[in-house]
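Student: Quick one: structure below, then a few questions.
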Amino acid sequence: MVGDPLIELPEEELNFYCEEVLKKDWPNTIHVYYFIKTSLEWRRKKNLKIQLLATKNCLSDGTFIGVKYSDNGSSMIVMYTLNDDALENALKTSMKIDWSRRPVLEAILDRHIGVVKRSIAARGIISKPYSFSGIYYMDIQQAANIEIPPTEEVRIEPVTDGKDLEYIYSVWAHNDIYSYGELLDSALLGGSYGVFSRENGLLLSWVMVTHYGGVGVLQSRGEHLRKGYASLATRTLTKAMAGCGISPHACIMDNNARSRAFFEKIGYSRVAGIQYLTTQPM
């Protein structure tokens, strides 16, 4: 009997895979790389259901599939390969992924889209584009030297208050595919920076380290747009990530011209095209 093509890799082997496979296609692989690193870190802090799967020959065929299960019953999947045939076989035949949860396929590199769609369709899964996006990246040395403007009228602190987090989730553009629990994990496990008014303590702008180890959930209150608060929060987080030895990246939708221009002004550059796909059984 032929066994499942995917196995759960221990931490030591995952770290070796990151350095020996993913770092050789840097920074195109940054999303998967930091998904793995962040998953390992968060699992030490909290009992999270995360599968970090790879083929037995992953060092040669490069095939990895990561699944993070959410508190609301949904899930998200990231993946990478150097060999389309190996990825296709894994997606078609592995029984280790729960497709009934209608997972979101997250930040799939454009070059993998064809094999991914074909493979999951063969097992009766319909995929639909959620967004066409890009990975935006900043070199760690550049991030370490980023300038942060003075903050006389505001203070910068982590966002941990329940009411603030509930408000953030209520206005988050992607609360249709990510649960409130995902937001809490980002804020409390990954970390966040909020820009607060010194006058009345109101949260004006915010940004977080996401489950994939990138910059995300960036937003400002509507009445406080274009005041430099989002830039302040993002610059602060970018520099802090570099200080922890992390190369910052963000995933930005192609049709969000304002966000693309915002990150480029700070110093991020687009390095790869990606897609997000929603799934459901046929």
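In the structure tokens, chains take letters A, B, ... by order of appearance, with residues numbered from 1 within each chain and ligands from 1 in the order shown.
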Which polymer residues have any atom within 6 Å of an atom of Ala272 (chain A), counting only C-alpha atoms, with same-chain residues fewer than 6 positions away left out, as an MDAnalysis selection string?

Tutor: chainID A and resid 28 134:135

Student: May I have the selected residues written with all heavy atoms, as an mmCIF file, in the first residue's frame?

Tutor:
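Here's the written file selection09.cif:
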```cif
data_model
loop_
_atom_site.group_PDB
_atom_site.id
_atom_site.type_symbol
_atom_site.label_atom_id
_atom_site.label_comp_id
_atom_site.auth_asym_id
_atom_site.auth_seq_id
_atom_site.Cartn_x
_atom_site.Cartn_y
_atom_site.Cartn_z
ATOM 1 N N ASN A 28 11.071 35.644 -3.007
ATOM 2 C CA ASN A 28 9.797 35.109 -3.488
ATOM 3 C C ASN A 28 9.137 34.178 -2.478
ATOM 4 O O ASN A 28 7.904 34.071 -2.432
ATOM 5 C CB ASN A 28 10.009 34.332 -4.795
ATOM 6 C CG ASN A 28 10.521 35.216 -5.917
ATOM 7 O OD1 ASN A 28 9.990 36.283 -6.170
ATOM 8 N ND2 ASN A 28 11.571 34.768 -6.586
ATOM 9 N N GLY A 134 0.302 41.171 -4.591
ATOM 10 C CA GLY A 134 1.750 41.105 -4.727
ATOM 11 C C GLY A 134 2.410 41.043 -3.366
ATOM 12 O O GLY A 134 1.861 41.551 -2.378
ATOM 13 N N ILE A 135 3.575 40.400 -3.316
ATOM 14 C CA ILE A 135 4.389 40.426 -2.105
ATOM 15 C C ILE A 135 5.286 41.658 -2.181
ATOM 16 O O ILE A 135 6.019 41.846 -3.153
ATOM 17 C CB ILE A 135 5.255 39.164 -1.984
ATOM 18 C CG1 ILE A 135 4.372 37.930 -1.754
ATOM 19 C CG2 ILE A 135 6.266 39.305 -0.842
ATOM 20 C CD1 ILE A 135 5.151 36.622 -1.724
#
```

Student: Region 88-180 of chain A near region 45-65 of chain A within 10 Å: what's each residue's closest atom pair and its distance in Å to one decimal, counting only C-alpha atoms, ordered by chain then ascending residue number, as JSON lines?

Tutor:
```
{"residue": "A:Glu88", "atom": "CA", "partner": "A:Thr63", "partner_atom": "CA", "distance": 9.8}
{"residue": "A:Asn89", "atom": "CA", "partner": "A:Thr55", "partner_atom": "CA", "distance": 9.9}
{"residue": "A:Ala90", "atom": "CA", "partner": "A:Thr55", "partner_atom": "CA", "distance": 7.7}
{"residue": "A:Leu91", "atom": "CA", "partner": "A:Ile65", "partner_atom": "CA", "distance": 8.9}
{"residue": "A:Lys96", "atom": "CA", "partner": "A:Leu53", "partner_atom": "CA", "distance": 8.7}
{"residue": "A:Ile97", "atom": "CA", "partner": "A:Gln51", "partner_atom": "CA", "distance": 8.5}
```

Student: Between CA of His249 (chain A) and CA of Arg270 (chain A), measure the distance and give it in Å to one decimal.

Tutor: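 That distance, rounded to one decimal, is 9.5 Å.
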
Student: Do you know which residues are at most 9 Å from Gly213 (chain A) counting only C-alpha atoms, after dropping those on the same chain fewer than 2 positions away, and could you put them as an MDAnalysis selection string?

Tutor: chainID A and resid 31 33:39 190 209:211 215:216 246 248:249

Student: Just N, CA, C and O atoms for this one: save the residues we selected as a compact mmCIF listing (two decimals), in the first residue's frame.

Tutor:
```txt
# COMPACT_ATOMS: atom_id res chain seq x y z
N HIS A 31 6.84 34.64 2.18
CA HIS A 31 5.56 34.39 2.84
C HIS A 31 5.54 33.00 3.47
O HIS A 31 5.15 32.84 4.63
N TYR A 33 8.20 31.09 4.14
CA TYR A 33 9.28 31.03 5.12
C TYR A 33 8.81 31.52 6.49
O TYR A 33 8.97 30.83 7.50
N TYR A 34 8.18 32.70 6.51
CA TYR A 34 7.77 33.25 7.80
C TYR A 34 6.46 32.65 8.31
O TYR A 34 6.18 32.71 9.51
N PHE A 35 5.67 32.04 7.42
CA PHE A 35 4.53 31.25 7.91
C PHE A 35 5.06 30.10 8.77
O PHE A 35 4.54 29.82 9.85
N ILE A 36 6.10 29.42 8.30
CA ILE A 36 6.68 28.31 9.05
C ILE A 36 7.28 28.81 10.36
O ILE A 36 7.00 28.27 11.44
N LYS A 37 8.10 29.86 10.29
CA LYS A 37 8.75 30.37 11.48
C LYS A 37 7.73 30.86 12.52
O LYS A 37 7.88 30.60 13.73
N THR A 38 6.70 31.57 12.04
CA THR A 38 5.69 32.09 12.95
C THR A 38 4.86 30.96 13.55
O THR A 38 4.52 30.99 14.74
N SER A 39 4.52 29.96 12.74
CA SER A 39 3.76 28.82 13.24
C SER A 39 4.50 28.10 14.36
O SER A 39 3.92 27.74 15.39
N GLY A 190 1.45 37.66 17.78
CA GLY A 190 2.39 38.27 16.83
C GLY A 190 2.89 39.63 17.29
O GLY A 190 4.06 39.97 17.16
N VAL A 209 1.55 42.11 13.34
CA VAL A 209 2.31 40.99 12.77
C VAL A 209 1.34 39.83 12.62
O VAL A 209 0.76 39.37 13.60
N THR A 210 1.14 39.38 11.41
CA THR A 210 0.12 38.38 11.12
C THR A 210 0.63 36.95 11.35
O THR A 210 1.80 36.72 11.66
N HIS A 211 -0.29 35.98 11.14
CA HIS A 211 0.07 34.56 11.30
C HIS A 211 1.11 34.12 10.28
O HIS A 211 1.75 33.08 10.46
N VAL A 215 3.58 42.10 7.70
CA VAL A 215 2.88 43.32 8.11
C VAL A 215 1.44 43.24 7.59
O VAL A 215 1.22 43.05 6.39
N GLY A 216 0.47 43.40 8.46
CA GLY A 216 -0.91 43.30 8.02
C GLY A 216 -1.88 44.02 8.94
O GLY A 216 -1.49 44.63 9.93
N ILE A 246 14.01 39.93 11.48
CA ILE A 246 12.97 39.53 10.54
C ILE A 246 12.96 40.47 9.34
O ILE A 246 12.93 41.70 9.52
N PRO A 248 10.94 42.31 6.74
CA PRO A 248 9.52 42.65 6.65
C PRO A 248 8.95 42.41 5.25
O PRO A 248 9.63 42.61 4.25
N HIS A 249 7.70 41.96 5.23
CA HIS A 249 6.98 41.86 3.96
C HIS A 249 5.50 42.08 4.22
O HIS A 249 5.01 41.96 5.34
```

Student: Let's see if you can do this: from backbone DSSP, list all alpha helix (DSSP H) residues in region 6-238 of chain A, as a PyMOL selection string.

Tutor: chain A and resi 11-20+30-45+58-61+84-93+113-122+140-144+162-171+180-185+229-238

Student: If you run DSSP on the backbone here, which positions in region 66-190 of chain A get strand (DSSP E)? Please write them as a ChimeraX atom specification.

Tutor: /A:66-69,75-80,104-109,125-137,154-157

Student: Mind checking which residues fall within 10 Å of region 191-195 of chain A, counting only C-alpha atoms, ignoring those fewer than 6 positions away in the same chain, and posting them as a PyMOL selection string?

Tutor: chain A and resi 151+153-160+164+184-185+201-210+215-220+229-230+232-234+236-237

Student: Go ahead and save the residues from that selection, with N, CA and C atoms, as a compact mmCIF listing (two decimals), in the first residue's frame.

Tutor:
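Result file is again-v7.txt:
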```
# COMPACT_ATOMS: atom_id res chain seq x y z
N THR A 151 6.68 61.98 17.68
CA THR A 151 5.30 61.62 18.06
C THR A 151 4.83 62.47 19.25
N GLU A 153 2.02 64.42 19.58
CA GLU A 153 0.59 64.44 19.87
C GLU A 153 0.00 63.05 20.05
N VAL A 154 0.82 62.00 19.81
CA VAL A 154 0.31 60.63 19.93
C VAL A 154 1.33 59.77 20.68
N ARG A 155 0.86 58.62 21.12
CA ARG A 155 1.74 57.62 21.72
C ARG A 155 1.57 56.30 20.95
N ILE A 156 2.61 55.49 20.94
CA ILE A 156 2.58 54.22 20.23
C ILE A 156 2.70 53.09 21.24
N GLU A 157 1.69 52.22 21.25
CA GLU A 157 1.64 51.11 22.20
C GLU A 157 1.02 49.89 21.53
N PRO A 158 1.23 48.71 22.09
CA PRO A 158 0.52 47.52 21.59
C PRO A 158 -0.99 47.69 21.74
N VAL A 159 -1.73 47.07 20.84
CA VAL A 159 -3.19 47.09 20.92
C VAL A 159 -3.64 45.80 21.59
N THR A 160 -4.14 45.92 22.82
CA THR A 160 -4.55 44.73 23.58
C THR A 160 -5.95 44.85 24.16
N ASP A 164 -11.03 47.81 21.57
CA ASP A 164 -10.26 48.26 20.40
C ASP A 164 -10.15 47.14 19.37
N LEU A 184 -7.14 38.16 16.97
CA LEU A 184 -6.63 38.11 18.34
C LEU A 184 -5.24 37.48 18.37
N ASP A 185 -5.06 36.40 17.62
CA ASP A 185 -3.74 35.76 17.58
C ASP A 185 -2.69 36.72 17.05
N GLY A 201 -6.84 59.25 24.38
CA GLY A 201 -6.57 57.82 24.36
C GLY A 201 -7.21 57.06 23.22
N LEU A 202 -7.82 57.76 22.25
CA LEU A 202 -8.49 57.10 21.14
C LEU A 202 -7.48 56.41 20.23
N LEU A 203 -7.78 55.19 19.84
CA LEU A 203 -6.95 54.48 18.87
C LEU A 203 -7.18 55.09 17.49
N LEU A 204 -6.11 55.59 16.88
CA LEU A 204 -6.22 56.31 15.61
C LEU A 204 -5.81 55.47 14.41
N SER A 205 -4.80 54.62 14.59
CA SER A 205 -4.29 53.80 13.51
C SER A 205 -3.63 52.57 14.11
N TRP A 206 -3.49 51.50 13.31
CA TRP A 206 -2.96 50.26 13.87
C TRP A 206 -2.38 49.38 12.77
N VAL A 207 -1.49 48.48 13.20
CA VAL A 207 -0.88 47.50 12.30
C VAL A 207 -0.44 46.32 13.15
N MET A 208 -0.37 45.12 12.56
CA MET A 208 -0.06 43.92 13.31
C MET A 208 0.91 43.01 12.58
N VAL A 209 1.55 42.11 13.34
CA VAL A 209 2.31 40.99 12.77
C VAL A 209 1.34 39.83 12.62
N THR A 210 1.14 39.38 11.41
CA THR A 210 0.12 38.38 11.12
C THR A 210 0.63 36.95 11.35
N VAL A 215 3.58 42.10 7.70
CA VAL A 215 2.88 43.32 8.11
C VAL A 215 1.44 43.24 7.59
N GLY A 216 0.47 43.40 8.46
CA GLY A 216 -0.91 43.30 8.02
C GLY A 216 -1.88 44.02 8.94
N VAL A 217 -3.15 43.95 8.59
CA VAL A 217 -4.27 44.56 9.34
C VAL A 217 -4.05 46.06 9.50
N LEU A 218 -3.38 46.67 8.54
CA LEU A 218 -3.07 48.10 8.63
C LEU A 218 -4.31 48.93 8.27
N GLN A 219 -4.64 49.88 9.14
CA GLN A 219 -5.79 50.74 8.88
C GLN A 219 -5.78 51.93 9.83
N SER A 220 -6.46 52.98 9.45
CA SER A 220 -6.69 54.14 10.32
C SER A 220 -8.18 54.41 10.38
N TYR A 229 -0.49 58.85 10.49
CA TYR A 229 -0.51 57.87 11.57
C TYR A 229 -0.23 56.45 11.07
N ALA A 230 -0.79 56.09 9.91
CA ALA A 230 -0.54 54.76 9.36
C ALA A 230 0.95 54.59 9.03
N LEU A 232 3.40 56.15 10.51
CA LEU A 232 4.09 56.05 11.79
C LEU A 232 4.02 54.62 12.34
N ALA A 233 2.83 54.04 12.32
CA ALA A 233 2.66 52.68 12.83
C ALA A 233 3.46 51.68 12.00
N THR A 234 3.39 51.81 10.67
CA THR A 234 4.06 50.86 9.79
C THR A 234 5.58 50.98 9.88
N THR A 236 7.23 52.02 12.45
CA THR A 236 7.62 51.50 13.77
C THR A 236 7.68 49.99 13.76
N LEU A 237 6.67 49.35 13.18
CA LEU A 237 6.65 47.89 13.12
C LEU A 237 7.76 47.37 12.21
```

Student: Within 12 Å of region 105-116 of chain A, which residues of region 249-277 of chain A come that close, and what is the closest atom pair and distance in Å for each? Count only C-alpha atoms and give it as a tab-separated table.

Tutor:
```
residue	atom	partner	partner_atom	distance
A:Ala250	CA	A:Ala107	CA	10.4
A:Cys251	CA	A:Ala107	CA	7.6
A:Ile252	CA	A:Ala107	CA	9.9
A:Met253	CA	A:Ala107	CA	10.5
A:Val271	CA	A:Leu109	CA	10.7
A:Ala272	CA	A:Leu109	CA	7.1
A:Gly273	CA	A:Asp110	CA	5.6
A:Ile274	CA	A:Leu109	CA	4.4
A:Gln275	CA	A:Ile108	CA	5.2
A:Tyr276	CA	A:Glu106	CA	4.9
A:Leu277	CA	A:Leu105	CA	5.0
```

Student: Take the selection from the previous step and output its residues with N, CA and C atoms, as a short mmCIF file (atom, residue, chain, number, x, y, z; two decimals), in the first residue's frame.

Tutor:
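Result written to again_6.cif:
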```cif
data_model
loop_
_atom_site.label_atom_id
_atom_site.label_comp_id
_atom_site.auth_asym_id
_atom_site.auth_seq_id
_atom_site.Cartn_x
_atom_site.Cartn_y
_atom_site.Cartn_z
N ALA A 250 4.80 42.41 3.15
CA ALA A 250 3.35 42.61 3.21
C ALA A 250 2.74 42.08 1.93
N CYS A 251 1.47 41.68 2.00
CA CYS A 251 0.73 41.22 0.82
C CYS A 251 -0.33 42.26 0.49
N ILE A 252 -0.26 42.83 -0.70
CA ILE A 252 -1.10 43.97 -1.05
C ILE A 252 -1.85 43.67 -2.34
N MET A 253 -3.14 43.93 -2.33
CA MET A 253 -3.98 43.67 -3.50
C MET A 253 -3.58 44.58 -4.65
N VAL A 271 7.95 42.11 -5.22
CA VAL A 271 8.91 41.10 -5.66
C VAL A 271 8.25 39.89 -6.30
N ALA A 272 6.94 39.69 -6.09
CA ALA A 272 6.30 38.51 -6.66
C ALA A 272 4.80 38.71 -6.74
N GLY A 273 4.19 38.15 -7.78
CA GLY A 273 2.75 38.14 -7.90
C GLY A 273 2.17 36.93 -7.18
N ILE A 274 1.07 37.12 -6.50
CA ILE A 274 0.42 36.05 -5.74
C ILE A 274 -1.09 36.14 -5.93
N GLN A 275 -1.76 35.05 -5.59
CA GLN A 275 -3.22 35.05 -5.61
C GLN A 275 -3.76 34.41 -4.33
N TYR A 276 -4.91 34.90 -3.91
CA TYR A 276 -5.68 34.28 -2.84
C TYR A 276 -6.89 33.62 -3.50
N LEU A 277 -7.18 32.38 -3.10
CA LEU A 277 -8.30 31.64 -3.66
C LEU A 277 -9.21 31.14 -2.54
#
```

Student: Pick from A:Leu22, A:Ile120, A:Leu87, A:Leu9: nearest to Leu40 (chain A), with only C-alpha atoms counted?

Tutor: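 Residue with the minimum atom-to-atom distance to Leu40 (chain A): A:Leu9.
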
Student: Between CA of Cys244 (chain A) and CA of Ala143 (chain A), measure the distance and give it in Å to one decimal.

Tutor: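 Interatomic distance here is 11.0 Å.
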
Student: Skip Gln141 (chain A) itself and residues of its chain fewer than 2 positions away, then list as a list in words all residues within 10 Å of it, counting only C-alpha atoms.

Tutor: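 Surrounding residues, per the criterion: Met138, Asp139, Ala143, Ala144, Asn145, Ile146, Lys239, Ala242, Gly243, Gly245 and Ser247 of chain A.
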
Student: Write the residues you've just listed into a file as a CSV table (one decimal), in the first residue's frame, and include N, CA, C and O atoms for each of them.

Tutor:
```csv
chain,number,residue,atom,x,y,z
A,138,MET,N,11.0,44.4,2.1
A,138,MET,CA,12.1,45.4,2.3
A,138,MET,C,13.3,44.6,2.9
A,138,MET,O,13.1,43.8,3.8
A,139,ASP,N,14.4,44.9,2.4
A,139,ASP,CA,15.7,44.3,2.9
A,139,ASP,C,15.8,44.7,4.4
A,139,ASP,O,15.5,45.8,4.8
A,143,ALA,N,15.4,48.2,6.4
A,143,ALA,CA,14.3,48.3,7.5
A,143,ALA,C,14.9,48.7,8.8
A,143,ALA,O,14.3,49.5,9.5
A,144,ALA,N,16.1,48.3,9.1
A,144,ALA,CA,16.7,48.6,10.4
A,144,ALA,C,17.1,50.1,10.4
A,144,ALA,O,17.1,50.7,11.5
A,145,ASN,N,17.3,50.7,9.3
A,145,ASN,CA,17.6,52.1,9.2
A,145,ASN,C,16.5,53.1,8.9
A,145,ASN,O,16.7,54.2,8.7
A,146,ILE,N,15.3,52.5,8.9
A,146,ILE,CA,14.1,53.3,8.5
A,146,ILE,C,13.9,54.5,9.6
A,146,ILE,O,14.1,54.3,10.8
A,239,LYS,N,10.7,48.7,11.5
A,239,LYS,CA,12.0,48.8,12.2
A,239,LYS,C,12.1,47.8,13.3
A,239,LYS,O,13.1,47.2,13.5
A,242,ALA,N,12.9,44.3,11.9
A,242,ALA,CA,14.3,44.2,11.5
A,242,ALA,C,15.2,44.0,12.8
A,242,ALA,O,16.1,43.3,12.8
A,243,GLY,N,14.8,44.7,13.9
A,243,GLY,CA,15.5,44.6,15.1
A,243,GLY,C,15.5,43.2,15.7
A,243,GLY,O,16.3,42.8,16.5
A,245,GLY,N,15.5,40.6,13.7
A,245,GLY,CA,16.1,39.7,12.7
A,245,GLY,C,15.2,39.2,11.6
A,245,GLY,O,15.4,38.3,10.9
A,247,SER,N,13.0,39.9,8.1
A,247,SER,CA,12.8,40.7,6.9
A,247,SER,C,11.3,41.0,6.7
A,247,SER,O,10.5,40.1,6.6
```
